[in-house]
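Listing of query_9.txt, compact mmCIF, C-alpha atoms
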```
# COMPACT_ATOMS: atom_id res chain seq x y z
CA MET R 109 -26.28 13.70 -37.74
CA ASN R 110 -28.98 16.12 -36.93
CA PRO R 111 -32.38 15.05 -38.27
CA LEU R 112 -33.44 18.62 -38.65
CA ARG R 113 -30.52 19.06 -40.93
CA ILE R 114 -31.75 16.22 -43.09
CA LEU R 115 -35.15 17.79 -43.39
CA TYR R 116 -33.57 21.05 -44.28
CA ASP R 117 -31.43 19.43 -46.95
CA LEU R 118 -34.38 17.65 -48.35
CA LEU R 119 -36.39 20.81 -48.61
CA LEU R 120 -33.56 22.39 -50.60
CA THR R 121 -33.37 19.67 -53.24
CA LYS R 122 -35.54 19.41 -56.30
CA ALA R 123 -36.19 15.77 -55.61
CA SER R 124 -37.95 16.85 -52.49
CA TYR R 125 -41.07 17.56 -54.49
CA THR R 126 -41.59 13.84 -54.94
CA ILE R 127 -39.75 12.39 -51.99
CA ILE R 128 -41.45 14.38 -49.24
CA PRO R 129 -45.00 13.25 -50.08
CA MET R 130 -43.74 9.67 -50.35
CA LEU R 131 -42.17 9.91 -46.92
CA ILE R 132 -45.33 11.30 -45.48
CA LEU R 133 -47.24 8.43 -47.07
CA MET R 134 -44.84 5.82 -45.69
CA VAL R 135 -45.12 7.28 -42.22
CA GLY R 136 -48.92 7.25 -42.55
CA CYS R 137 -49.01 3.57 -43.58
CA GLY R 138 -46.59 2.21 -41.08
CA GLY R 139 -47.51 4.56 -38.32
CA PRO R 140 -49.29 3.76 -35.04
CA PRO R 141 -51.27 0.46 -35.46
CA ALA R 142 -54.72 1.52 -36.61
CA GLN R 143 -57.35 -1.25 -36.99
CA ASN R 144 -57.86 -2.63 -40.48
CA PRO R 145 -61.64 -3.12 -40.86
CA LEU R 146 -61.35 -6.08 -43.23
CA LEU R 147 -58.82 -7.84 -40.99
CA THR R 148 -61.02 -7.16 -37.97
CA SER R 149 -64.05 -8.54 -39.75
CA ALA R 150 -62.12 -11.63 -40.91
CA THR R 151 -60.85 -12.21 -37.37
CA GLU R 152 -64.38 -11.94 -35.97
CA GLU R 153 -65.70 -14.45 -38.52
CA TYR R 154 -62.87 -16.82 -37.74
CA ASN R 155 -63.35 -16.54 -33.96
CA ALA R 156 -67.08 -17.19 -34.34
CA ALA R 157 -66.37 -20.27 -36.46
CA LYS R 158 -63.85 -21.53 -33.91
CA GLN R 159 -66.51 -21.21 -31.21
CA ASP R 160 -68.90 -23.27 -33.33
CA ASP R 161 -68.66 -26.89 -32.22
CA MET R 162 -70.05 -28.11 -35.49
CA VAL R 163 -67.33 -26.38 -37.54
CA VAL R 164 -64.61 -27.59 -35.19
CA ARG R 165 -65.93 -31.12 -35.37
CA PHE R 166 -66.88 -31.41 -39.04
CA ALA R 167 -64.35 -29.09 -40.80
CA PRO R 168 -61.15 -28.97 -38.76
CA VAL R 169 -58.87 -28.89 -41.82
CA ALA R 170 -60.72 -26.07 -43.56
CA LEU R 171 -60.77 -24.14 -40.30
CA LYS R 172 -57.04 -24.64 -39.93
CA GLU R 173 -56.45 -23.30 -43.45
CA ALA R 174 -58.54 -20.23 -42.63
CA GLU R 175 -56.51 -19.74 -39.47
CA GLU R 176 -53.20 -19.96 -41.35
CA THR R 177 -54.31 -17.44 -43.92
CA LEU R 178 -55.59 -15.13 -41.20
CA GLU R 179 -52.22 -15.45 -39.51
CA ILE R 180 -50.46 -14.29 -42.68
CA SER R 181 -52.72 -11.27 -42.84
CA ARG R 182 -52.07 -10.49 -39.21
CA GLU R 183 -48.32 -10.81 -39.59
CA LEU R 184 -48.32 -8.55 -42.63
CA TRP R 185 -50.33 -6.06 -40.66
CA THR R 186 -48.00 -6.30 -37.67
CA ALA R 187 -45.02 -5.88 -40.05
CA LYS R 188 -46.78 -2.84 -41.37
CA ALA R 189 -46.88 -4.25 -44.86
CA ASP R 190 -48.96 -2.46 -47.41
CA LYS R 191 -52.71 -2.37 -46.85
CA SER R 192 -53.64 -4.25 -49.99
CA SER R 193 -51.52 -7.25 -48.96
CA VAL R 194 -53.08 -7.33 -45.50
CA GLU R 195 -56.54 -7.01 -46.94
CA HIS R 196 -55.90 -9.59 -49.65
CA TYR R 197 -55.06 -12.23 -47.05
CA ALA R 198 -57.80 -11.01 -44.77
CA TYR R 199 -60.25 -11.53 -47.61
CA LEU R 200 -58.87 -14.99 -48.35
CA ALA R 201 -59.06 -15.87 -44.63
CA LYS R 202 -62.66 -14.69 -44.41
CA GLN R 203 -63.71 -16.69 -47.46
CA LYS R 204 -61.87 -19.73 -46.13
CA THR R 205 -63.75 -19.37 -42.87
CA PHE R 206 -67.00 -19.42 -44.84
CA ILE R 207 -65.73 -22.45 -46.74
CA ALA R 208 -65.05 -24.12 -43.39
CA ARG R 209 -68.63 -23.42 -42.33
CA GLU R 210 -70.06 -24.81 -45.57
CA THR R 211 -67.77 -27.82 -45.38
CA ALA R 212 -68.92 -28.47 -41.82
CA GLN R 213 -72.52 -28.27 -42.95
CA LEU R 214 -71.81 -30.59 -45.86
CA ASN R 215 -70.09 -33.15 -43.63
CA ALA R 216 -72.82 -32.92 -41.02
CA ALA R 217 -75.44 -33.37 -43.69
CA ASN R 218 -73.60 -36.34 -45.19
CA SER R 219 -73.35 -37.89 -41.78
CA GLU R 220 -77.07 -37.40 -41.31
CA ILE R 221 -77.72 -38.86 -44.74
CA SER R 222 -75.84 -42.01 -43.79
CA ARG R 223 -77.82 -42.34 -40.60
CA GLY R 224 -81.02 -41.44 -42.43
CA GLU R 225 -80.43 -44.13 -45.05
CA VAL R 226 -80.11 -46.74 -42.34
CA GLU R 227 -83.28 -45.48 -40.67
CA ARG R 228 -85.07 -45.39 -44.02
CA GLN R 229 -84.17 -49.02 -44.66
CA GLN R 230 -85.51 -49.99 -41.26
CA VAL R 231 -88.69 -48.02 -41.80
CA LEU R 232 -89.09 -49.60 -45.25
CA LEU R 233 -88.84 -53.01 -43.66
CA GLU R 234 -91.44 -51.97 -41.15
CA VAL R 235 -93.70 -50.73 -43.95
CA ARG R 236 -93.44 -54.05 -45.74
CA ARG R 237 -94.13 -55.89 -42.55
CA SER R 238 -97.13 -53.74 -41.73
CA GLU R 239 -98.39 -54.14 -45.29
CA ALA R 240 -97.98 -57.87 -44.99
CA ASP R 241 -99.84 -57.75 -41.68
CA ARG R 242 -102.57 -55.71 -43.26
CA SER R 243 -102.86 -58.01 -46.26
CA GLU R 244 -103.03 -60.99 -43.98
CA ALA R 245 -105.66 -59.36 -41.83
CA ARG R 246 -107.63 -58.47 -44.95
CA ALA R 247 -107.35 -62.01 -46.28
CA GLN R 248 -108.45 -63.33 -42.91
CA ARG R 249 -111.42 -61.02 -42.90
CA ALA R 250 -112.32 -61.97 -46.46
CA LEU R 251 -112.12 -65.63 -45.54
CA LEU R 252 -114.36 -65.13 -42.52
CA GLU R 253 -116.82 -63.15 -44.59
CA ALA R 254 -116.86 -65.82 -47.27
CA GLN R 255 -117.44 -68.47 -44.64
CA SER R 256 -120.23 -66.58 -42.98
CA GLU R 257 -121.82 -65.88 -46.35
CA ARG R 258 -121.62 -69.52 -47.23
CA THR R 259 -123.19 -70.41 -43.92
CA LEU R 260 -125.94 -67.87 -44.54
CA ALA R 261 -126.51 -69.28 -48.02
CA VAL R 262 -126.75 -72.82 -46.67
CA GLU R 263 -129.13 -71.66 -43.96
CA ALA R 264 -131.21 -69.78 -46.48
CA ARG R 265 -131.38 -72.82 -48.72
CA GLU R 266 -132.35 -75.04 -45.80
CA SER R 267 -134.93 -72.55 -44.69
CA ALA R 268 -136.31 -72.38 -48.24
CA GLU R 269 -136.42 -76.14 -48.38
CA GLN R 270 -138.24 -76.26 -45.06
CA SER R 271 -140.70 -73.64 -46.21
CA ARG R 272 -141.29 -75.59 -49.38
CA GLN R 273 -141.91 -78.78 -47.39
CA THR R 274 -144.12 -76.95 -44.91
CA ALA R 275 -146.06 -75.47 -47.80
CA MET R 276 -146.32 -78.87 -49.43
CA GLU R 277 -147.49 -80.46 -46.21
CA ALA R 278 -149.96 -77.66 -45.66
CA SER R 279 -151.16 -78.15 -49.19
CA GLN R 280 -151.48 -81.88 -48.59
CA ARG R 281 -153.31 -81.28 -45.36
CA ALA R 282 -155.59 -78.84 -47.11
CA GLU R 283 -156.22 -81.42 -49.80
CA GLU R 284 -156.91 -84.02 -47.15
CA SER R 285 -159.23 -81.65 -45.33
CA ARG R 286 -160.93 -80.87 -48.58
CA GLN R 287 -161.36 -84.58 -49.30
CA THR R 288 -162.51 -85.23 -45.76
CA ALA R 289 -164.96 -82.41 -46.06
CA MET R 290 -166.06 -83.68 -49.42
CA GLU R 291 -166.45 -87.19 -48.06
CA ALA R 292 -168.34 -85.87 -45.05
CA SER R 293 -170.48 -83.87 -47.39
CA GLN R 294 -171.00 -86.94 -49.56
CA ARG R 295 -171.84 -88.98 -46.50
CA ALA R 296 -174.26 -86.32 -45.38
CA ASP R 297 -175.78 -86.28 -48.85
CA LEU R 298 -176.01 -90.06 -48.81
CA LEU R 299 -177.57 -90.07 -45.36
CA ALA R 300 -180.03 -87.47 -46.42
CA GLN R 301 -180.84 -89.59 -49.45
CA ARG R 302 -181.27 -92.76 -47.33
CA VAL R 303 -183.34 -90.88 -44.82
CA ASN R 304 -185.45 -89.68 -47.67
CA GLU R 305 -185.82 -93.24 -48.93
CA LEU R 306 -186.90 -94.29 -45.44
CA GLU R 307 -189.51 -91.55 -45.44
CA ALA R 308 -188.26 -90.80 -41.91
CA ARG R 309 -188.90 -87.36 -40.42
CA PRO R 310 -186.41 -85.51 -38.28
CA THR R 311 -187.62 -84.74 -34.75
CA ASP R 312 -186.09 -83.56 -31.44
CA ARG R 313 -185.32 -87.19 -30.61
CA GLY R 314 -183.70 -87.87 -33.96
CA LEU R 315 -185.00 -89.48 -37.14
CA VAL R 316 -188.36 -91.11 -36.62
CA LEU R 317 -189.85 -93.59 -39.05
CA THR R 318 -193.55 -94.29 -38.60
CA LEU R 319 -194.88 -97.61 -39.75
CA GLY R 320 -198.59 -96.99 -40.15
CA ASP R 321 -201.53 -99.01 -39.01
CA VAL R 322 -202.11 -100.12 -42.54
CA LEU R 323 -199.03 -102.33 -42.19
CA PHE R 324 -200.62 -104.31 -39.38
CA GLU R 325 -203.81 -106.33 -39.43
CA PHE R 326 -206.38 -105.33 -36.82
CA GLY R 327 -205.64 -106.91 -33.40
CA LYS R 328 -202.59 -108.72 -34.75
CA ALA R 329 -198.93 -108.16 -34.58
CA THR R 330 -197.98 -109.51 -37.98
CA MET R 331 -197.29 -107.15 -40.85
CA HIS R 332 -198.91 -106.87 -44.18
CA SER R 333 -196.79 -107.59 -47.18
CA ASP R 334 -197.13 -103.87 -48.00
CA GLY R 335 -195.00 -103.08 -44.96
CA MET R 336 -192.19 -105.15 -46.37
CA LYS R 337 -190.94 -102.32 -48.60
CA SER R 338 -190.44 -100.08 -45.57
CA MET R 339 -188.64 -102.89 -43.73
CA GLU R 340 -186.27 -103.43 -46.67
CA ASN R 341 -185.37 -99.76 -46.72
CA LEU R 342 -184.79 -99.78 -42.95
CA THR R 343 -182.60 -102.87 -43.19
CA THR R 344 -180.48 -101.34 -45.95
CA PHE R 345 -180.09 -98.16 -43.90
CA LEU R 346 -179.00 -100.06 -40.79
CA GLN R 347 -176.54 -102.10 -42.83
CA GLN R 348 -175.00 -98.95 -44.30
CA TYR R 349 -174.76 -97.17 -40.92
CA PRO R 350 -173.66 -99.85 -38.50
CA GLY R 351 -172.99 -97.23 -35.78
CA ARG R 352 -176.65 -96.34 -35.53
CA ASN R 353 -179.04 -98.26 -33.26
CA ILE R 354 -182.81 -98.17 -33.20
CA LEU R 355 -185.61 -98.02 -30.64
CA ILE R 356 -188.89 -99.52 -31.78
CA GLU R 357 -191.96 -98.11 -30.02
CA GLY R 358 -195.47 -99.61 -30.36
CA PHE R 359 -198.75 -97.66 -29.98
CA THR R 360 -202.50 -98.60 -30.19
CA ASP R 361 -205.91 -96.94 -30.31
CA ASN R 362 -208.13 -96.88 -27.26
CA ILE R 363 -210.34 -99.80 -28.27
CA GLY R 364 -210.01 -102.54 -25.67
CA SER R 365 -208.43 -102.67 -22.22
CA GLU R 366 -205.28 -100.81 -21.42
CA ALA R 367 -203.39 -103.98 -20.53
CA TYR R 368 -204.44 -105.61 -23.79
CA ASN R 369 -203.30 -102.63 -25.84
CA LEU R 370 -200.03 -102.45 -23.95
CA GLU R 371 -199.41 -106.11 -24.73
CA LEU R 372 -200.46 -105.59 -28.32
CA SER R 373 -198.18 -102.57 -28.78
CA ARG R 374 -195.22 -104.48 -27.37
CA ASN R 375 -195.90 -107.44 -29.62
CA ARG R 376 -196.09 -105.26 -32.68
CA ALA R 377 -192.76 -103.63 -31.83
CA ASN R 378 -191.28 -107.04 -31.22
CA SER R 379 -192.65 -108.25 -34.51
CA VAL R 380 -190.78 -105.49 -36.32
CA LYS R 381 -187.62 -106.36 -34.37
CA SER R 382 -187.90 -110.04 -35.27
CA ASP R 383 -188.28 -109.18 -38.91
CA LEU R 384 -185.13 -107.03 -38.80
CA VAL R 385 -183.17 -109.73 -36.95
CA ASN R 386 -184.32 -112.19 -39.61
CA ARG R 387 -182.93 -109.81 -42.21
CA GLY R 388 -179.48 -109.94 -40.53
CA ILE R 389 -179.49 -106.94 -38.17
CA ALA R 390 -177.78 -107.61 -34.82
CA GLU R 391 -180.26 -107.97 -31.95
CA SER R 392 -178.05 -105.82 -29.72
CA ARG R 393 -178.74 -102.79 -31.89
CA ILE R 394 -182.48 -102.99 -31.39
CA ARG R 395 -184.45 -102.05 -28.33
CA ILE R 396 -188.27 -102.26 -28.12
CA ARG R 397 -190.91 -100.59 -25.98
CA GLY R 398 -194.71 -100.77 -25.89
CA TYR R 399 -196.75 -97.78 -24.90
CA GLY R 400 -200.30 -99.04 -25.53
CA ILE R 401 -202.85 -96.27 -25.73
CA GLN R 402 -200.37 -93.64 -24.53
CA TYR R 403 -199.09 -90.87 -26.79
CA PRO R 404 -201.93 -90.90 -29.31
CA ALA R 405 -200.90 -89.27 -32.58
CA ALA R 406 -204.47 -88.20 -33.30
CA SER R 407 -207.93 -88.19 -31.73
CA ASN R 408 -209.49 -91.61 -30.97
CA ALA R 409 -212.99 -90.16 -31.56
CA THR R 410 -212.95 -90.96 -35.27
CA GLU R 411 -211.98 -94.09 -37.18
CA ASP R 412 -209.51 -92.01 -39.14
CA GLY R 413 -207.83 -90.77 -35.95
CA ARG R 414 -207.78 -94.23 -34.39
CA GLN R 415 -206.14 -95.62 -37.50
CA LYS R 416 -203.31 -93.02 -37.13
CA ASN R 417 -202.86 -94.02 -33.50
CA ARG R 418 -202.36 -97.73 -34.36
CA ARG R 419 -198.72 -97.44 -35.30
CA VAL R 420 -195.08 -98.39 -34.69
CA GLU R 421 -192.40 -95.72 -34.61
CA VAL R 422 -188.76 -96.52 -35.23
CA ILE R 423 -186.39 -93.96 -33.69
CA ILE R 424 -182.94 -93.98 -35.25
CA SER R 425 -180.02 -93.17 -32.94
CA ASP R 426 -177.27 -90.64 -33.59
CA GLN R 427 -173.92 -91.82 -34.94
CA GLU R 428 -172.77 -92.94 -31.49
CA GLY R 429 -175.87 -95.10 -31.06
CA ASN R 430 -177.59 -92.91 -28.43
CA ILE R 431 -181.35 -92.48 -28.36
CA VAL R 432 -183.16 -89.91 -26.29
CA ASP R 433 -185.97 -91.64 -24.35
CA ARG R 434 -189.45 -90.37 -24.30
CA ILE R 435 -189.94 -88.08 -21.31
CA ARG R 436 -193.07 -88.80 -19.35
CA MET E 31 -23.16 9.36 -50.55
CA LYS E 32 -25.51 11.60 -48.79
CA LEU E 33 -28.34 10.18 -46.73
CA TYR E 34 -31.17 11.50 -48.87
CA GLN E 35 -29.48 9.84 -51.84
CA LYS E 36 -29.54 6.53 -49.95
CA LEU E 37 -33.16 7.07 -49.07
CA PHE E 38 -33.99 7.89 -52.64
CA ILE E 39 -32.40 4.67 -53.92
CA CYS E 40 -34.21 2.76 -51.23
CA VAL E 41 -37.54 4.27 -52.20
CA ILE E 42 -36.95 3.54 -55.86
CA GLY E 43 -35.94 0.00 -54.99
CA ILE E 44 -39.12 -0.58 -52.99
CA GLY E 45 -41.11 0.96 -55.79
CA LEU E 46 -39.50 -1.37 -58.30
CA LEU E 47 -40.04 -4.37 -56.06
CA THR E 48 -43.69 -3.48 -55.63
CA ALA E 49 -44.36 -2.74 -59.26
CA CYS E 50 -42.39 -5.58 -60.77
CA GLY E 51 -42.72 -8.38 -58.10
CA SER E 52 -43.55 -10.85 -60.87
CA THR E 53 -42.07 -10.73 -64.25
CA SER E 54 -44.14 -13.46 -65.93
CA PRO E 55 -47.95 -13.75 -66.32
CA PRO E 56 -49.63 -16.17 -63.76
CA ASN E 57 -51.06 -18.40 -66.48
CA GLN E 58 -51.02 -21.51 -64.32
CA GLN E 59 -53.07 -19.78 -61.59
CA LEU E 60 -55.56 -18.39 -64.09
CA THR E 61 -56.06 -21.82 -65.62
CA GLU E 62 -56.57 -23.42 -62.22
CA THR E 63 -59.00 -20.73 -61.14
CA GLN E 64 -60.95 -21.21 -64.36
CA MET E 65 -61.16 -24.94 -63.62
CA VAL E 66 -62.39 -24.36 -60.08
CA ILE E 67 -65.07 -22.02 -61.43
CA GLN E 68 -66.18 -24.65 -63.96
CA GLN E 69 -66.32 -27.32 -61.27
CA ALA E 70 -68.39 -25.00 -59.09
CA GLU E 71 -70.81 -24.45 -61.96
CA GLN E 72 -71.07 -28.16 -62.57
CA LEU E 73 -71.91 -28.62 -58.88
CA GLY E 74 -74.82 -26.23 -59.28
CA ALA E 75 -73.21 -23.03 -57.95
CA ASP E 76 -75.53 -20.94 -60.12
CA ASP E 77 -78.43 -22.19 -57.96
CA TYR E 78 -76.77 -22.53 -54.59
CA ALA E 79 -74.15 -19.73 -54.60
CA PRO E 80 -75.00 -17.26 -57.38
CA LEU E 81 -73.29 -14.28 -55.70
CA GLU E 82 -70.05 -16.13 -55.01
CA ILE E 83 -69.75 -17.59 -58.50
CA ARG E 84 -70.47 -14.19 -60.03
CA GLU E 85 -67.79 -12.61 -57.87
CA ALA E 86 -65.31 -15.29 -58.91
CA LYS E 87 -66.02 -14.77 -62.59
CA ILE E 88 -65.71 -10.99 -62.32
CA LYS E 89 -62.42 -11.28 -60.48
CA LEU E 90 -61.09 -13.79 -62.99
CA GLY E 91 -61.96 -11.32 -65.76
CA LEU E 92 -60.21 -8.53 -63.90
CA ALA E 93 -57.18 -10.80 -63.41
CA ARG E 94 -56.98 -11.37 -67.16
CA GLU E 95 -57.22 -7.64 -67.76
CA ALA E 96 -54.42 -7.16 -65.24
CA VAL E 97 -52.32 -9.69 -67.19
CA GLU E 98 -52.99 -7.71 -70.37
CA ALA E 99 -51.79 -4.60 -68.50
CA LYS E 100 -48.70 -6.51 -67.34
CA GLU E 101 -49.82 -6.00 -63.71
CA PHE E 102 -48.93 -9.54 -62.78
CA ASP E 103 -49.00 -9.15 -58.97
CA LYS E 104 -52.48 -7.66 -59.18
CA ALA E 105 -53.43 -10.51 -61.54
CA ILE E 106 -52.15 -13.10 -59.07
CA ARG E 107 -54.13 -11.61 -56.18
CA LEU E 108 -57.30 -11.34 -58.25
CA ALA E 109 -56.85 -14.92 -59.41
CA GLU E 110 -56.35 -16.09 -55.82
CA GLN E 111 -59.46 -14.28 -54.66
CA ALA E 112 -61.47 -15.58 -57.60
CA ARG E 113 -60.34 -19.08 -56.73
CA VAL E 114 -61.32 -18.82 -53.07
CA ASP E 115 -64.68 -17.37 -54.14
CA ALA E 116 -65.18 -20.29 -56.52
CA GLU E 117 -64.18 -22.74 -53.79
CA LEU E 118 -66.73 -21.19 -51.47
CA ALA E 119 -69.31 -21.49 -54.25
CA GLN E 120 -68.44 -25.18 -54.56
CA ALA E 121 -68.74 -25.72 -50.83
CA LYS E 122 -72.09 -23.90 -50.76
CA ALA E 123 -73.41 -25.91 -53.70
CA GLN E 124 -72.35 -29.18 -52.13
CA SER E 125 -73.67 -28.42 -48.69
CA GLY E 126 -76.88 -27.00 -50.15
CA LYS E 127 -77.46 -30.17 -52.12
CA ALA E 128 -76.67 -32.30 -49.12
CA GLU E 129 -79.15 -30.31 -47.02
CA LYS E 130 -81.74 -30.86 -49.72
CA THR E 131 -81.03 -34.57 -49.69
CA VAL E 132 -81.37 -34.60 -45.91
CA ALA E 133 -84.72 -32.84 -46.17
CA GLU E 134 -85.92 -35.31 -48.82
CA LEU E 135 -84.74 -38.23 -46.74
CA ARG E 136 -86.52 -36.90 -43.67
CA GLU E 137 -89.68 -36.40 -45.68
CA SER E 138 -89.51 -39.89 -47.13
CA ILE E 139 -89.03 -41.36 -43.66
CA ARG E 140 -91.95 -39.31 -42.39
CA VAL E 141 -94.16 -40.56 -45.23
CA LEU E 142 -93.17 -44.15 -44.63
CA LYS E 143 -93.89 -43.83 -40.93
CA ALA E 144 -97.27 -42.34 -41.68
CA GLU E 145 -97.95 -45.30 -43.96
CA ILE E 146 -97.04 -47.73 -41.19
CA GLU E 147 -99.39 -45.93 -38.86
CA ARG E 148 -102.15 -46.06 -41.46
CA ASN E 149 -101.58 -49.76 -42.03
CA GLN E 150 -101.75 -50.44 -38.33
CA ARG E 151 -104.93 -48.40 -37.99
CA THR E 152 -106.69 -50.23 -40.79
CA ASN E 153 -105.71 -53.64 -39.47
```

Rewrite the structure of this file - the entire thing - as structure tokens.
Amino acid sequence: MNPLRILYDLLLTKASYTIIPMLILMVGCGGPPAQNPLLTSATEEYNAAKQDDMVVRFAPVALKEAEETLEISRELWTAKADKSSVEHYAYLAKQKTFIARETAQLNAANSEISRGEVERQQVLLEVRRSEADRSEARAQRALLEAQSERTLAVEARESAEQSRQTAMEASQRAEESRQTAMEASQRADLLAQRVNELEARPTDRGLVLTLGDVLFEFGKATMHSDGMKSMENLTTFLQQYPGRNILIEGFTDNIGSEAYNLELSRNRANSVKSDLVNRGIAESRIRIRGYGIQYPAASNATEDGRQKNRRVEVIISDQEGNIVDRIR
Amino acid sequence: MKLYQKLFICVIGIGLLTACGSTSPPNQQLTETQMVIQQAEQLGADDYAPLEIREAKIKLGLAREAVEAKEFDKAIRLAEQARVDAELAQAKAQSGKAEKTVAELRESIRVLKAEIERNQRTN
């Protein structure tokens, strides 16, 4: 049959008004394979997902479903099925590819969560351990601090105690010093009083007590009873100050020979010494010396002066018993 | 019979097949799609896949309209697409939440590690 004849026949029929456009449409749809944009896009998405290791690894089933759906779309397209069918399956394939991606992400995330939970548990353990370490270190430090504070407190108390004792001792020493000073002062007062009683006068050589001529009878060595008062005072003094010694010096006027006066002055001094020894004073504490007419205390030209020269002087030593001798 | 008559019958037949591929409404598919959409919403699709869930709902609505219009094939396709959209929304919601959990876990591990470091420093 001639195809041209068919066309001709068709053009002659009334039905041709509807049939011809339909034929043209059918030829257009099933004609030379033009690309379907939605199928192309779905194929690209699928290929990209298949190249993605993560999708292949974590969502193989979902990827397979996408592939199967894409295959349907492709077959429909190859069979020149209607566009809407091809695109329907292309759409489903594309969405399934996305689902595969999301599923892969979900599975990857879940896998990471499992690993993360394990890590978190380990880290938690570490935290507890480090906290325990820290608490222990803190407790240790606190203990050390407490110990050192206690030591400091003990030391402070001891130091305070020592200070108190030192202060007390110092106070005692001060008191002792005060008493010593007071006693010394009292002793000095007493000495001064005794010296006053003796009617002794302080000189460069020490205290000097002068027993006047009136105590001795002319040309004799014996004392008047009036001199006894002075002797009593001297005895009392020497008894109270046993550390002090005395030097008794005798002097005369210039009446008579020098040798006679020297003898006389010595005798008078000795007479005083004997009296003191009789009163209980140790002989070793008493030295005597006669000077005769030497060292007149006044002029021998008058009776008054000569009377002053007839005398005995008692020199009282210092506390150690030393007496400075007369320098010629 | 002449050829054009055969062609005509053929065309009509194809047309009938296309128009009346299904003769009953796809109630089962609509119900299932609706369930998938609900599941997706419960999984948080509104937050994690708002576009996908919206698309699914629109297509499900269109599918119902197609059922009303007795266009059952169209209804089936719309229902299928709505379902795959809803499934994608589910997947997105789940993976999004999992990613969030991963991030939180990482952060918590980071914080704990920092604490360990601090403890060791203050020792």

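Here the question is which of E:Val132, E:Ile146, E:Leu60, E:Ala79 gets nearest to Leu108 (chain E) using all atoms listed in the file, and that residue is E:Leu60.
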
Checklist entry - chain E residues within 6 Å of chain R, counting only C-alpha atoms: which ones, as a list in words? => result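 In the required form, that comes to Leu118, Ala121, Lys122, Ser125, Ala128, Glu129, Val132, Ile139, Ile146, Asn149 and Asn153 of chain E.
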
Item to check | For CA of Arg418 (chain R) and CA of Asp361 (chain R), the interatomic separation in Å (one decimal) | outcome: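 Atom-to-atom, CA of Arg418 (chain R) and CA of Asp361 (chain R) are spaced 5.4 Å apart.
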
Checklist entry - Expressed in Å to a single decimal, how great is the separation between CA of Ser149 (chain R) and CA of Glu195 (chain R)? => result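 Distance between the two atoms: 10.5 Å.
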
Checklist entry - Quick one: distance from CA of Asp115 (chain E) to CA of Ala86 (chain E) in Å, one decimal? => result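 Atom-to-atom, CA of Asp115 (chain E) to CA of Ala86 (chain E), that is 5.2 Å.
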
Checklist entry - If you count all atoms listed in the file, which residues fall within 7 Å of region 104-106 of chain E, apart from same-chain ones fewer than 5 positions away, as a list of chain:residue names? => result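 Surrounding residues, per the criterion: E:Pro56, E:Ala93, E:Arg94, E:Ala96, E:Val97.
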
Dump C-alpha atoms for the selected residues as a short mmCIF file (atom, residue, chain, number, x, y, z; two decimals), keeping the file's coordinate frame?
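Saved as out_17.cif:
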```cif
data_model
loop_
_atom_site.label_atom_id
_atom_site.label_comp_id
_atom_site.auth_asym_id
_atom_site.auth_seq_id
_atom_site.Cartn_x
_atom_site.Cartn_y
_atom_site.Cartn_z
CA PRO E 56 -49.63 -16.17 -63.76
CA ALA E 93 -57.18 -10.80 -63.41
CA ARG E 94 -56.98 -11.37 -67.16
CA ALA E 96 -54.42 -7.16 -65.24
CA VAL E 97 -52.32 -9.69 -67.19
#
```

Next on the checklist: Using all atoms listed in the file - which residues lie no farther than 8 Å from the point (-60.0, -17.3, -40.8) in the file's frame? Write them as a ChimeraX atom specification.
Outcome noted: /R:150-151,153-155,171-178,198,200-205

Next on the checklist: Quick one: residues within 10 Å of Ile67 (chain E), all atoms listed in the file, excluding same-chain residues fewer than 4 positions away - as a VMD selection string?
Outcome noted: chain E and resid 61 to 63 71 to 73 75 83 to 84 86 to 87 90 112 to 117 119 to 120
